[in-house]
>>> print(open('entry29.cif').read())   # mmCIF, C-alpha atoms
data_coords
loop_
_atom_site.label_atom_id
_atom_site.label_comp_id
_atom_site.auth_asym_id
_atom_site.auth_seq_id
_atom_site.Cartn_x
_atom_site.Cartn_y
_atom_site.Cartn_z
CA HIS A 185 -1.82 -31.73 7.04
CA PHE A 186 0.44 -31.39 4.02
CA TRP A 187 3.77 -29.63 4.31
CA GLY A 188 2.71 -27.28 1.52
CA GLN A 189 -0.08 -25.92 3.69
CA HIS A 190 2.36 -24.56 6.26
CA LEU A 191 4.31 -21.32 6.38
CA PHE A 192 7.81 -21.19 7.82
CA LEU A 193 8.15 -18.41 10.40
CA GLY A 194 11.66 -19.13 11.66
CA TRP A 195 13.36 -21.18 14.37
CA GLU A 196 12.22 -21.58 17.94
CA THR A 197 13.87 -22.87 21.10
CA HIS A 198 12.49 -23.48 24.56
CA LYS A 199 13.83 -23.58 28.11
CA GLU A 200 13.99 -27.02 29.67
CA MET A 201 15.03 -28.11 33.14
CA PHE A 202 17.67 -30.80 33.58
CA ARG A 203 19.86 -32.27 36.35
CA ALA A 204 23.48 -31.20 35.96
CA SER A 205 26.55 -32.97 37.30
CA ARG A 206 28.20 -31.37 40.29
CA ALA A 207 31.79 -31.96 41.42
CA VAL A 208 32.33 -32.90 45.10
CA GLY A 209 35.80 -32.98 46.63
CA VAL A 210 36.86 -36.26 48.33
CA LYS A 211 40.27 -36.79 49.92
CA ALA A 212 42.26 -39.64 48.32
CA PRO A 213 43.77 -42.25 50.65
CA ASN A 214 47.34 -41.51 51.75
CA PHE A 215 47.42 -38.30 49.70
CA ALA A 216 46.20 -35.35 51.75
CA ASP A 217 46.90 -32.82 49.02
CA VAL A 218 45.10 -34.65 46.18
CA VAL A 219 41.36 -34.21 45.56
CA ASP A 220 39.18 -36.69 43.63
CA TYR A 221 35.82 -35.83 42.04
CA ASP A 222 32.58 -37.77 42.09
CA ASP A 223 29.52 -36.88 39.90
CA VAL A 224 26.41 -36.16 41.96
CA LEU A 225 23.20 -35.69 39.88
CA ASP A 226 21.33 -33.48 42.27
CA ARG A 227 21.72 -29.95 40.88
CA ARG A 228 18.83 -28.60 38.77
CA ALA A 229 19.49 -26.13 35.97
CA TRP A 230 17.92 -24.67 32.80
CA ARG A 231 19.14 -24.95 29.25
CA GLU A 232 17.98 -24.13 25.70
CA THR A 233 16.54 -26.91 23.59
CA LYS A 234 17.85 -27.56 20.10
CA PRO A 235 16.31 -25.21 17.48
CA SER A 236 13.26 -26.54 15.65
CA ALA A 237 11.20 -25.12 12.78
CA LEU A 238 8.31 -22.85 13.75
CA LEU A 239 5.42 -23.47 11.33
CA LEU A 240 2.05 -21.80 10.87
CA HIS A 241 -0.82 -23.50 9.09
CA GLU A 242 -2.21 -21.25 6.34
CA ASP A 243 -5.81 -21.58 7.48
CA ILE A 244 -4.93 -19.86 10.76
CA LEU A 245 -4.34 -16.64 8.78
CA SER A 246 -8.10 -16.38 8.26
CA GLU A 247 -8.11 -15.20 11.88
CA HIS A 248 -5.74 -12.36 10.86
CA CYS A 249 -2.11 -11.80 11.82
CA TYR A 250 -0.68 -8.91 13.87
CA VAL A 251 3.05 -8.13 13.84
CA VAL A 252 4.21 -5.67 16.51
CA GLY A 253 7.70 -4.53 17.41
CA PRO A 254 9.88 -1.42 17.74
CA SER A 255 11.56 0.31 14.82
CA GLY A 256 14.31 -1.84 13.34
CA ALA A 257 12.93 -5.11 14.72
CA GLY A 258 12.30 -6.46 11.20
CA LYS A 259 8.50 -6.34 11.08
CA THR A 260 8.54 -5.80 7.32
CA SER A 261 11.62 -7.76 6.22
CA LEU A 262 11.35 -10.73 8.60
CA GLY A 263 7.59 -10.76 9.22
CA ILE A 264 5.49 -9.41 6.36
CA MET A 265 7.92 -10.10 3.51
CA SER A 266 8.66 -13.72 4.41
CA LEU A 267 4.96 -14.50 4.84
CA LEU A 268 4.06 -12.89 1.50
CA ILE A 269 6.81 -14.71 -0.41
CA GLN A 270 5.44 -18.07 0.77
CA LEU A 271 1.78 -17.14 0.31
CA MET A 272 2.40 -15.83 -3.22
CA GLN A 273 4.55 -18.77 -4.30
CA GLY A 274 1.95 -21.26 -3.07
CA GLY A 275 2.60 -24.83 -2.00
CA GLN A 276 1.97 -28.32 -3.30
CA THR A 277 -0.63 -30.32 -1.41
CA ALA A 278 -2.32 -33.59 -2.35
CA SER A 279 -1.59 -33.18 -6.05
CA THR A 280 1.54 -32.03 -7.86
CA SER A 281 -0.09 -28.73 -8.84
CA VAL A 282 0.60 -25.56 -6.88
CA SER A 283 -2.33 -23.91 -5.11
CA GLU A 284 -4.13 -21.02 -6.83
CA PRO A 285 -2.59 -17.58 -6.15
CA TYR A 286 -4.34 -15.29 -3.70
CA PRO A 287 -5.70 -11.89 -4.71
CA LEU A 288 -3.46 -9.50 -2.77
CA VAL A 289 -3.86 -5.88 -1.65
CA VAL A 290 -0.92 -4.14 0.04
CA LEU A 291 -1.25 -0.81 1.86
CA ASP A 292 2.32 0.38 2.35
CA LEU A 293 2.06 3.51 4.49
CA LYS A 294 5.82 3.61 5.06
CA GLY A 295 7.12 3.34 1.52
CA ASP A 296 9.37 0.27 1.66
CA ALA A 297 11.19 -0.24 -1.64
CA ALA A 298 12.32 -3.78 -0.75
CA LEU A 299 8.73 -4.85 -0.02
CA PHE A 300 7.48 -3.24 -3.24
CA HIS A 301 10.00 -4.98 -5.50
CA THR A 302 9.67 -8.30 -3.68
CA VAL A 303 5.90 -8.33 -4.17
CA LYS A 304 6.29 -7.22 -7.80
CA ARG A 305 8.84 -9.98 -8.50
CA GLU A 306 6.74 -12.71 -6.87
CA ALA A 307 3.61 -11.58 -8.74
CA GLU A 308 5.41 -11.73 -12.06
CA ALA A 309 6.80 -15.19 -11.22
CA ARG A 310 3.26 -16.51 -10.57
CA GLY A 311 1.82 -14.79 -13.64
CA GLN A 312 -0.32 -12.42 -11.55
CA LYS A 313 -1.09 -8.98 -12.89
CA PHE A 314 0.72 -6.41 -10.72
CA LYS A 315 -0.80 -2.94 -10.41
CA PHE A 316 0.47 -0.14 -8.21
CA PHE A 317 -0.82 3.24 -7.08
CA THR A 318 0.98 6.19 -5.54
CA THR A 319 0.18 9.80 -4.67
CA GLU A 320 3.74 10.99 -5.30
CA LYS A 321 3.98 13.81 -7.79
CA ASP A 322 5.11 12.96 -11.35
CA ALA A 323 5.58 9.29 -10.43
CA PRO A 324 4.20 6.55 -12.72
CA THR A 325 1.01 5.05 -11.35
CA TYR A 326 -2.15 3.20 -12.23
CA ARG A 327 -5.38 5.07 -11.61
CA PHE A 328 -7.74 4.18 -8.79
CA ASN A 329 -11.24 5.65 -8.68
CA PRO A 330 -12.62 4.84 -5.20
CA PHE A 331 -16.03 6.32 -6.01
CA ARG A 332 -16.41 4.00 -8.99
CA GLY A 333 -15.65 1.02 -6.77
CA PHE A 334 -18.74 1.70 -4.67
CA ASP A 335 -20.84 0.77 -7.73
CA ARG A 336 -23.53 3.42 -7.56
CA LYS A 337 -25.91 1.54 -9.85
CA SER A 338 -26.40 -1.41 -7.50
CA ARG A 339 -26.80 0.65 -4.32
CA THR A 340 -29.38 3.01 -2.95
CA VAL A 341 -28.53 6.62 -2.18
CA ALA A 342 -28.68 5.82 1.56
CA GLN A 343 -26.19 2.96 1.16
CA LEU A 344 -23.85 5.09 -0.95
CA CYS A 345 -23.99 7.92 1.60
CA GLN A 346 -23.10 5.49 4.37
CA LEU A 347 -20.15 4.11 2.39
CA VAL A 348 -18.72 7.53 1.53
CA MET A 349 -19.10 8.91 5.05
CA ASP A 350 -17.65 5.82 6.71
CA ALA A 351 -14.72 5.69 4.31
CA LEU A 352 -13.89 9.38 4.79
CA SER A 353 -14.31 9.26 8.60
CA LEU A 354 -17.26 11.65 8.42
CA ASN A 355 -19.51 9.39 10.47
CA HIS A 356 -18.83 10.77 13.94
CA GLY A 357 -21.14 8.35 15.74
CA LYS A 358 -23.94 8.98 18.22
CA GLY A 359 -24.04 11.51 21.00
CA TYR A 360 -24.66 15.20 21.55
CA GLY A 361 -22.93 17.24 18.84
CA ARG A 362 -21.40 14.24 17.07
CA SER A 363 -24.64 12.98 15.53
CA TYR A 364 -25.65 16.52 14.53
CA TYR A 365 -22.68 17.04 12.22
CA THR A 366 -23.00 13.50 10.90
CA GLU A 367 -26.62 14.04 9.92
CA ARG A 368 -25.94 17.45 8.39
CA SER A 369 -23.23 16.00 6.15
CA ARG A 370 -25.44 13.02 5.31
CA SER A 371 -28.34 15.31 4.36
CA ILE A 372 -26.23 17.45 2.03
CA LEU A 373 -24.55 14.42 0.46
CA SER A 374 -27.89 12.67 -0.05
CA LYS A 375 -29.42 15.69 -1.80
CA THR A 376 -26.41 15.94 -4.08
CA LEU A 377 -26.48 12.25 -5.06
CA LYS A 378 -30.19 12.46 -5.86
CA ARG A 379 -29.56 15.07 -8.55
CA ASP A 380 -29.90 13.91 -12.15
CA THR A 381 -26.32 14.76 -13.07
CA PRO A 382 -24.17 11.63 -13.51
CA ILE A 383 -21.36 11.34 -10.94
CA HIS A 384 -18.41 9.11 -11.82
CA SER A 385 -15.70 10.30 -9.43
CA PHE A 386 -15.02 12.42 -6.37
CA ASP A 387 -14.14 15.18 -8.83
CA ASP A 388 -17.72 15.12 -10.15
CA LEU A 389 -19.09 14.85 -6.61
CA HIS A 390 -17.12 17.91 -5.51
CA ASN A 391 -18.50 19.98 -8.40
CA GLU A 392 -22.05 18.85 -7.66
CA LEU A 393 -21.69 19.61 -3.95
CA LYS A 394 -20.56 23.15 -4.73
CA GLU A 395 -23.43 23.54 -7.17
CA ALA A 396 -25.96 22.29 -4.62
CA LEU A 397 -24.64 24.64 -1.92
CA ARG A 398 -24.51 27.56 -4.34
CA GLY A 399 -28.23 27.20 -4.91
CA THR A 400 -29.21 27.37 -1.24
CA SER A 401 -29.68 30.47 0.89
CA ASP A 402 -29.16 28.49 4.11
CA THR A 403 -25.84 29.86 5.38
CA LYS A 404 -25.86 27.40 8.27
CA ALA A 405 -26.06 24.47 5.86
CA LYS A 406 -23.04 25.84 4.01
CA ALA A 407 -21.09 26.10 7.26
CA ASP A 408 -22.06 22.59 8.34
CA ALA A 409 -20.99 21.21 4.96
CA PHE A 410 -17.47 22.63 5.32
CA GLU A 411 -15.91 19.38 6.60
CA LEU A 412 -17.57 17.26 3.90
CA LEU A 413 -16.59 19.68 1.16
CA SER A 414 -13.00 20.13 2.32
CA VAL A 415 -12.30 16.39 2.58
CA ILE A 416 -13.66 15.72 -0.90
CA GLU A 417 -11.85 18.79 -2.26
CA MET A 418 -8.59 17.33 -0.96
CA LEU A 419 -9.22 14.16 -2.97
CA THR A 420 -9.64 16.18 -6.18
CA GLU A 421 -5.99 17.25 -5.92
CA TYR A 422 -4.96 13.74 -6.92
CA ARG A 423 -5.75 13.30 -10.60
CA GLN A 424 -4.88 9.60 -10.39
CA LEU A 425 -8.13 9.18 -8.41
CA VAL A 426 -10.18 10.31 -11.41
CA THR A 427 -11.47 8.21 -14.28
CA SER A 428 -13.76 9.30 -17.06
CA ALA A 429 -17.20 8.01 -17.97
CA GLU A 430 -15.61 6.21 -20.94
CA ASP A 431 -13.56 4.03 -18.58
CA ASN A 432 -16.19 1.34 -18.17
CA LEU A 433 -15.74 -2.03 -16.53
CA SER A 434 -14.47 -3.58 -19.74
CA ASN A 435 -11.59 -1.11 -19.99
CA THR A 436 -9.64 -1.39 -16.75
CA ASP A 437 -6.10 -2.15 -17.96
CA SER A 438 -4.73 1.11 -16.53
CA ILE A 439 -7.09 1.18 -13.55
CA ILE A 440 -7.10 -0.64 -10.23
CA PHE A 441 -10.63 -1.98 -9.86
CA MET A 442 -11.18 -4.08 -6.74
CA ALA A 443 -13.74 -6.36 -8.36
CA ASP A 444 -11.10 -7.31 -10.96
CA VAL A 445 -8.44 -7.76 -8.27
CA ILE A 446 -10.58 -10.50 -6.72
CA LYS A 447 -11.89 -11.99 -9.95
CA GLU A 448 -8.54 -12.18 -11.78
CA ARG A 449 -6.41 -12.79 -8.65
CA GLN A 450 -4.46 -9.59 -9.21
CA VAL A 451 -1.91 -7.90 -6.92
CA ALA A 452 -2.68 -4.26 -6.05
CA TYR A 453 0.10 -2.34 -4.28
CA PHE A 454 -0.69 1.07 -2.79
CA TRP A 455 2.51 3.02 -2.13
CA LEU A 456 1.31 5.70 0.31
CA PRO A 457 4.21 6.95 2.47
CA ALA A 458 2.58 9.09 5.14
CA ALA A 459 5.62 11.11 6.24
CA LEU A 460 4.71 14.25 4.26
CA GLU A 461 0.93 13.95 3.75
CA SER A 462 -0.39 11.78 6.55
CA ILE A 463 -3.96 13.13 6.46
CA SER A 464 -4.62 12.74 2.73
CA VAL A 465 -2.98 9.32 2.32
CA GLY A 466 -4.84 8.14 5.41
CA GLU A 467 -8.14 9.02 3.74
CA ILE A 468 -7.10 7.33 0.48
CA ALA A 469 -6.03 4.21 2.40
CA LYS A 470 -9.45 4.03 4.05
CA LEU A 471 -11.12 4.37 0.65
CA VAL A 472 -9.02 1.41 -0.52
CA LEU A 473 -10.18 -0.64 2.47
CA PHE A 474 -13.85 0.15 1.92
CA ASN A 475 -13.53 -0.59 -1.80
CA LEU A 476 -12.01 -3.96 -0.95
CA ARG A 477 -14.74 -4.78 1.53
CA VAL A 478 -17.48 -3.86 -0.95
CA ALA A 479 -15.83 -5.96 -3.70
CA ALA A 480 -15.37 -8.96 -1.36
CA GLN A 481 -18.97 -8.67 -0.18
CA ASP A 482 -20.27 -8.49 -3.76
CA TRP A 483 -18.11 -11.46 -4.78
CA LYS A 484 -19.42 -13.59 -1.93
CA ARG A 485 -23.00 -12.69 -2.80
CA SER A 486 -22.64 -13.44 -6.52
CA HIS A 487 -20.32 -16.49 -6.16
CA PRO A 488 -21.57 -18.45 -3.13
CA ASN A 489 -19.74 -21.59 -4.27
CA ASP A 490 -16.38 -19.91 -4.86
CA ARG A 491 -15.02 -18.80 -1.50
CA ARG A 492 -12.07 -16.73 -2.65
CA ARG A 493 -9.66 -15.59 0.04
CA VAL A 494 -8.05 -12.17 -0.28
CA ILE A 495 -4.82 -11.27 1.51
CA LEU A 496 -4.75 -7.71 2.87
CA VAL A 497 -1.48 -6.24 4.20
CA ILE A 498 -1.32 -2.96 6.14
CA ASP A 499 2.14 -1.76 7.15
CA GLU A 500 2.09 1.13 9.69
CA LEU A 501 -1.42 0.33 10.84
CA GLN A 502 -1.68 3.38 13.12
CA ARG A 503 -2.00 5.63 10.05
CA VAL A 504 -5.50 4.28 9.36
CA ALA A 505 -6.57 3.36 12.90
CA GLY A 506 -10.07 4.57 13.73
CA GLU A 507 -13.63 3.52 14.41
CA ASN A 508 -14.32 2.85 10.73
CA LEU A 509 -11.38 0.43 10.55
CA GLN A 510 -12.76 -1.56 13.48
CA GLY A 511 -15.91 -2.33 11.51
CA ILE A 512 -13.90 -3.51 8.50
CA LEU A 513 -11.74 -5.86 10.58
CA GLN A 514 -14.79 -7.31 12.31
CA ASP A 515 -16.47 -8.06 8.96
CA ALA A 516 -13.34 -9.03 7.03
CA ARG A 517 -13.26 -12.72 7.90
CA SER A 518 -16.87 -13.31 6.87
CA PHE A 519 -16.10 -11.77 3.45
CA GLY A 520 -12.95 -13.85 2.93
CA ILE A 521 -10.38 -11.14 3.74
CA SER A 522 -7.31 -12.24 5.73
CA ALA A 523 -5.43 -9.27 7.17
CA ILE A 524 -1.73 -9.08 8.03
CA LEU A 525 -1.25 -5.95 10.14
CA ALA A 526 1.94 -4.37 11.47
CA ASN A 527 2.96 -1.38 13.56
CA GLN A 528 5.39 -0.47 16.33
CA SER A 529 3.19 -0.48 19.43
CA LEU A 530 -0.35 -1.15 20.61
CA THR A 531 -0.37 2.27 22.29
CA ASP A 532 -0.05 3.91 18.84
CA LEU A 533 -3.51 2.60 17.96
CA LYS A 534 -5.20 5.11 20.27
CA SER A 535 -6.45 8.13 18.33
CA ALA A 536 -6.45 11.75 19.43
CA THR A 537 -10.23 11.55 19.99
CA GLY A 538 -9.75 8.80 22.57
CA PHE A 539 -10.81 5.83 20.44
CA ASP A 540 -8.58 2.82 21.05
CA LEU A 541 -8.34 0.18 18.30
CA ALA A 542 -6.00 -2.05 20.34
CA PRO A 543 -8.74 -4.11 22.09
CA ALA A 544 -10.40 -4.84 18.74
CA ILE A 545 -7.04 -5.88 17.25
CA MET A 546 -6.26 -8.22 20.15
#
>>> encode(input="entry29.cif", output="structure tokens")
Amino acid sequence: HFWGQHLFLGWETHKEMFRASRAVGVKAPNFADVVDYDDVLDRRAWRETKPSALLLHEDILSEHCYVVGPSGAGKTSLGIMSLLIQLMQGGQTASTSVSEPYPLVVLDLKGDAALFHTVKREAEARGQKFKFFTTEKDAPTYRFNPFRGFDRKSRTVAQLCQLVMDALSLNHGKGYGRSYYTERSRSILSKTLKRDTPIHSFDDLHNELKEALRGTSDTKAKADAFELLSVIEMLTEYRQLVTSAEDNLSNTDSIIFMADVIKERQVAYFWLPAALESISVGEIAKLVLFNLRVAAQDWKRSHPNDRRRVILVIDELQRVAGENLQGILQDARSFGISAILANQSLTDLKSATGFDLAPAIM
């Protein structure tokens, strides 16, 4: 393998056993108060080996990477950041040319300024287009329309319903009670999407849902649709999630569009610190993940001879841990997505409902 195909992780040492010299007292002739010493090689001991470089072959990252450690251990600065610098800079292999840059999607659920500016600087150095998104009020941001990324034209209503419900954690699974509320939300969403009114964003979807419920006399249906309606209503509070019908696929300079991220090898950074709004940014982060999976799946289907690898980084993984994330991670490798995940403890990956993502991660 070429040196350029390896990533430097740090230094490593090992314990090795060796035989140490031991001093034994022997009386010298004619001098009772003088002691001589002889070396006897019969004492076993342990020592550290000399430090050597710890390298990781890039192809191993297709199996995903998980960085775990307590607060202050350097998961971001020593783990994620050093890996990204090397992956973004690329390495020389058989020829003198540097490898093609990876499309990169970063979900920063902590809000790390050093990581943000490092990724931005490396993207600019490689000539990659850097786009960022944030939910912070009055902050500059690109727009990101997750509903547009699902590409309604190429999918059936059933497929679109499944995508929306999975992304918003509205698919509660099978079982008594759980499947009932899943199917009620699916039924209402399906009827709304079948209407003739064009829907280009979650803003439009929210208006159409209210219109559909306003026209029904079924009070139980309105009650069962409360969760669906409230989650989508929350998304309408963020105007940066809305694009107009005029923003077609040829006009995406100010928009993060996952298909373009893969096609043009862009860098998309989602600054979503979850300290103040953990629920809403968690939902937006999941929409990002499902948009990325859909885009990677579509790319693989339409470009079978161009296996393009996408690097996905999730810092503070526990913010998006759930059953829907398990499905994404299981499918990611087959769609060319390599995930670098980080959080403080495996125990944090267990949700309040009892679902534990830790076994799937391991």
>>> resolve_selection(input="entry29.cif", expression="the PyMOL selection byres ((chain A and resi 288) around 9)", output="PyMOL selection string")
chain A and resi 272+285-287+289-290+445-446+449-453+494-497
>>> residues_near_point(input="entry29.cif", point="(-4.2, -4.1, 22.4)", cutoff="8 Å", atoms="all atoms listed in the file", output="short mmCIF file (atom, residue, chain, number, x, y, z; two decimals) with C-alpha atoms, in the frame of the given file")
data_model
loop_
_atom_site.label_atom_id
_atom_site.label_comp_id
_atom_site.auth_asym_id
_atom_site.auth_seq_id
_atom_site.Cartn_x
_atom_site.Cartn_y
_atom_site.Cartn_z
CA LEU A 530 -0.35 -1.15 20.61
CA THR A 531 -0.37 2.27 22.29
CA LEU A 541 -8.34 0.18 18.30
CA ALA A 542 -6.00 -2.05 20.34
CA PRO A 543 -8.74 -4.11 22.09
CA ALA A 544 -10.40 -4.84 18.74
CA ILE A 545 -7.04 -5.88 17.25
CA MET A 546 -6.26 -8.22 20.15
#
>>> atom_distance(input="entry29.cif", atom1="atom CA of Ile521 of chain A", atom2="atom CA of Leu476 of chain A")
8.7 Å
>>> atom_distance(input="entry29.cif", atom1="atom CA of Ile498 of chain A", atom2="atom CA of Glu196 of chain A")
25.9 Å
>>> atom_distance(input="entry29.cif", atom1="atom CA of Glu247 of chain A", atom2="atom CA of Leu525 of chain A")
11.6 Å
>>> resolve_selection(input="entry29.cif", expression="the PyMOL selection byres ((chain A and resi 475) around 7)", output="list of chain:residue names")
A:Pro330, A:Gly333, A:Phe334, A:Met442, A:Leu471, A:Val472, A:Leu473, A:Phe474, A:Leu476, A:Arg477, A:Val478, A:Ala479
>>> closest_residue(input="entry29.cif", among="A:Val341, A:Ser353, A:Tyr364, A:Lys294", to="Thr376 of chain A", atoms="all atoms listed in the file")
A:Val341
>>> resolve_selection(input="entry29.cif", expression="the PyMOL selection byres ((chain A and resi 516) around 10)", output="ChimeraX atom specification")
/A:246-248,476-477,480-481,494,496,510-515,517-523
>>> closest_residue(input="entry29.cif", among="A:Trp195, A:Phe441, A:Phe300, A:Phe317", to="Ala237 of chain A", atoms="all atoms listed in the file")
A:Trp195
>>> build_atoms(input="entry29.cif", residues="segment 265-279 of chain A", atoms="N, CA and C atoms", output="PDB file, keeping the file's coordinate frame")
ATOM      1  N   MET A 265       7.340  -9.678   4.782  1.00  0.00           N
ATOM      2  CA  MET A 265       7.920 -10.100   3.510  1.00  0.00           C
ATOM      3  C   MET A 265       8.043 -11.618   3.400  1.00  0.00           C
ATOM      4  N   SER A 266       8.494 -12.261   4.475  1.00  0.00           N
ATOM      5  CA  SER A 266       8.660 -13.720   4.410  1.00  0.00           C
ATOM      6  C   SER A 266       7.319 -14.427   4.300  1.00  0.00           C
ATOM      7  N   LEU A 267       6.301 -13.910   4.965  1.00  0.00           N
ATOM      8  CA  LEU A 267       4.960 -14.500   4.840  1.00  0.00           C
ATOM      9  C   LEU A 267       4.428 -14.346   3.423  1.00  0.00           C
ATOM     10  N   LEU A 268       4.599 -13.146   2.844  1.00  0.00           N
ATOM     11  CA  LEU A 268       4.060 -12.890   1.500  1.00  0.00           C
ATOM     12  C   LEU A 268       4.768 -13.737   0.445  1.00  0.00           C
ATOM     13  N   ILE A 269       6.086 -13.896   0.570  1.00  0.00           N
ATOM     14  CA  ILE A 269       6.810 -14.710  -0.410  1.00  0.00           C
ATOM     15  C   ILE A 269       6.217 -16.121  -0.458  1.00  0.00           C
ATOM     16  N   GLN A 270       5.973 -16.710   0.718  1.00  0.00           N
ATOM     17  CA  GLN A 270       5.440 -18.070   0.770  1.00  0.00           C
ATOM     18  C   GLN A 270       3.989 -18.134   0.307  1.00  0.00           C
ATOM     19  N   LEU A 271       3.185 -17.151   0.711  1.00  0.00           N
ATOM     20  CA  LEU A 271       1.780 -17.140   0.310  1.00  0.00           C
ATOM     21  C   LEU A 271       1.647 -16.948  -1.196  1.00  0.00           C
ATOM     22  N   MET A 272       2.501 -16.097  -1.784  1.00  0.00           N
ATOM     23  CA  MET A 272       2.400 -15.830  -3.220  1.00  0.00           C
ATOM     24  C   MET A 272       2.963 -16.975  -4.047  1.00  0.00           C
ATOM     25  N   GLN A 273       3.992 -17.644  -3.550  1.00  0.00           N
ATOM     26  CA  GLN A 273       4.550 -18.770  -4.300  1.00  0.00           C
ATOM     27  C   GLN A 273       3.643 -19.982  -4.256  1.00  0.00           C
ATOM     28  N   GLY A 274       2.850 -20.124  -3.198  1.00  0.00           N
ATOM     29  CA  GLY A 274       1.950 -21.260  -3.070  1.00  0.00           C
ATOM     30  C   GLY A 274       2.712 -22.523  -2.683  1.00  0.00           C
ATOM     31  N   GLY A 275       1.978 -23.571  -2.404  1.00  0.00           N
ATOM     32  CA  GLY A 275       2.600 -24.830  -2.000  1.00  0.00           C
ATOM     33  C   GLY A 275       1.859 -26.018  -2.574  1.00  0.00           C
ATOM     34  N   GLN A 276       2.581 -27.098  -2.798  1.00  0.00           N
ATOM     35  CA  GLN A 276       1.970 -28.320  -3.300  1.00  0.00           C
ATOM     36  C   GLN A 276       1.281 -29.052  -2.159  1.00  0.00           C
ATOM     37  N   THR A 277       0.119 -29.591  -2.442  1.00  0.00           N
ATOM     38  CA  THR A 277      -0.630 -30.320  -1.410  1.00  0.00           C
ATOM     39  C   THR A 277      -0.830 -31.757  -1.866  1.00  0.00           C
ATOM     40  N   ALA A 278      -2.060 -32.192  -2.000  1.00  0.00           N
ATOM     41  CA  ALA A 278      -2.320 -33.590  -2.350  1.00  0.00           C
ATOM     42  C   ALA A 278      -1.875 -33.910  -3.773  1.00  0.00           C
ATOM     43  N   SER A 279      -1.991 -32.943  -4.667  1.00  0.00           N
ATOM     44  CA  SER A 279      -1.590 -33.180  -6.050  1.00  0.00           C
ATOM     45  C   SER A 279      -0.242 -32.509  -6.303  1.00  0.00           C
TER      46      SER A 279
END
